[in-house]
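Below is one structure, written out as structure tokens; comments come after it.
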Amino acid sequence: MGLFQKLRGNPARSPALAGAAVPGMRASPLATPGPHLAARGGRPSNGLKDFILHLEDLNHGRLLDLGPVWQTTVSFFIERGFKVYTDDLLSSWKEFLRTDEERFRSLAVGDETFEFSPPARAERFLSTTFQYAEQSFDAVLAWDLLDYLDSAMVARITARLSDLMRPGGAILALFHSRPPDAFYRYRVLDHQNFEMLPAPALFKLDHVFQNREILNLFSRFHSTKSYVGRDQIREGLFLK
């Protein structure tokens, strides 16, 4: 049954099963929030509600969370039969840029073998990071990742995400319509609420995406739905 048929009314059903990790992929260890993060309470999310509704038919699916590991998020999806994997891409990108800068500074004067352009850095990063087989996942929580990446990385990450998704899979992403008052991390509380947790900023907001730009980024997905919140966060649900 398709998502938009379900939105007309279909009771939730979710078996509670947990599976073993897939060889070559990183299963999430369970974790609790660090002391530097202060909870702000749940935020109602129609995007999350529809994302989970769409996943009901995917028994024993695989979900990739592109933020930090949170006990609540991992447990929520494991209880619904999903294998959960995490890849905190912003933290990985931050560390890569630091080491890449150090490597660049260590080069001899006049050495032009090291290209430092944004596309070259993005290619170097993705050649060793975010390595999963094609069609590995049924669902991805991208959160507001794309708002903090430069244009070269955004184009490559969205293309990679499309390759990683199985047909019928779904991505939930968030987009700020103006610079936020703080840098946030996100975790799932229940089927229609996620929590926004202020954290030390890894990056400044790089770009405020317009609707047409978002649609172009996810042009390989056959269906999209957007939700505009009063808190200046737009949610996007993309179905492959």
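Residue names in the structure tokens use chain letters A, B, ... in the order shown, residue numbers from 1 in each chain, and ligand numbers from 1 in the order shown.
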Nearby residues (only C-alpha atoms) at most 6 Å from stretch 46-57 of chain A, same-chain spacing under 2 positions excluded, as JSON, numbers by chain: {"A": [3, 59, 191, 192, 235]}
If you run DSSP on the backbone, which residues of stretch 42-223 of chain A are strand (DSSP E), as a count of residues only? 44
Kindly assemble as a tab-separated table a list of the stretch 136-200 of chain A residues that lie within 7 Å of stretch 219-234 of chain A, each paired with its nearest atom pair and their distance in Å to one decimal, using only C-alpha atoms, sorted first by chain and then by ascending residue number.
```
residue	atom	partner	partner_atom	distance
A:Ser162	CA	A:Arg220	CA	6.9
A:Leu174	CA	A:Arg234	CA	5.7
A:Phe175	CA	A:Arg234	CA	5.0
A:His176	CA	A:Ile233	CA	4.8
A:Ser177	CA	A:Gln232	CA	5.4
A:Arg178	CA	A:Gln232	CA	6.6
```
Looking only at the backbone, which of the residues in stretch 47-239 of chain A does DSSP tag as alpha helix (DSSP H), as JSON, numbers by chain? {"A": [47, 48, 49, 50, 51, 52, 53, 54, 71, 72, 73, 74, 75, 76, 77, 78, 89, 90, 91, 92, 93, 94, 95, 96, 97, 98, 99, 100, 101, 102, 103, 104, 105, 106, 118, 119, 120, 121, 122, 123, 124, 125, 126, 127, 128, 151, 152, 153, 154, 155, 156, 157, 158, 159, 160, 161, 162, 163, 164, 211, 212, 213, 214, 215, 216, 217]}
Which of these residues is nearest to A:Asp138, using only C-alpha atoms: A:Leu90, A:Val188, A:Leu97, A:Leu58? A:Leu58
Residues within 6 Å of A:Met196, please, as a PyMOL selection string. Count only C-alpha atoms; anything in the same chain fewer than 5 positions from it doesn't count. chain A and resi 184-186
Would you output that residue set with C-alpha atoms, as a short mmCIF file (atom, residue, chain, number, x, y, z; two decimals), in the first residue's frame?
```cif
data_model
loop_
_atom_site.label_atom_id
_atom_site.label_comp_id
_atom_site.auth_asym_id
_atom_site.auth_seq_id
_atom_site.Cartn_x
_atom_site.Cartn_y
_atom_site.Cartn_z
CA TYR A 184 20.90 21.19 17.01
CA ARG A 185 21.13 17.42 17.06
CA TYR A 186 18.00 15.31 16.71
#
```
Atom CA of A:Met153 and atom CA of A:Phe114, how far apart in Å? 18.2 Å
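Distance-wise, atom CA of A:Gly67 and atom CA of A:Ala120 end up 24.1 Å apart.
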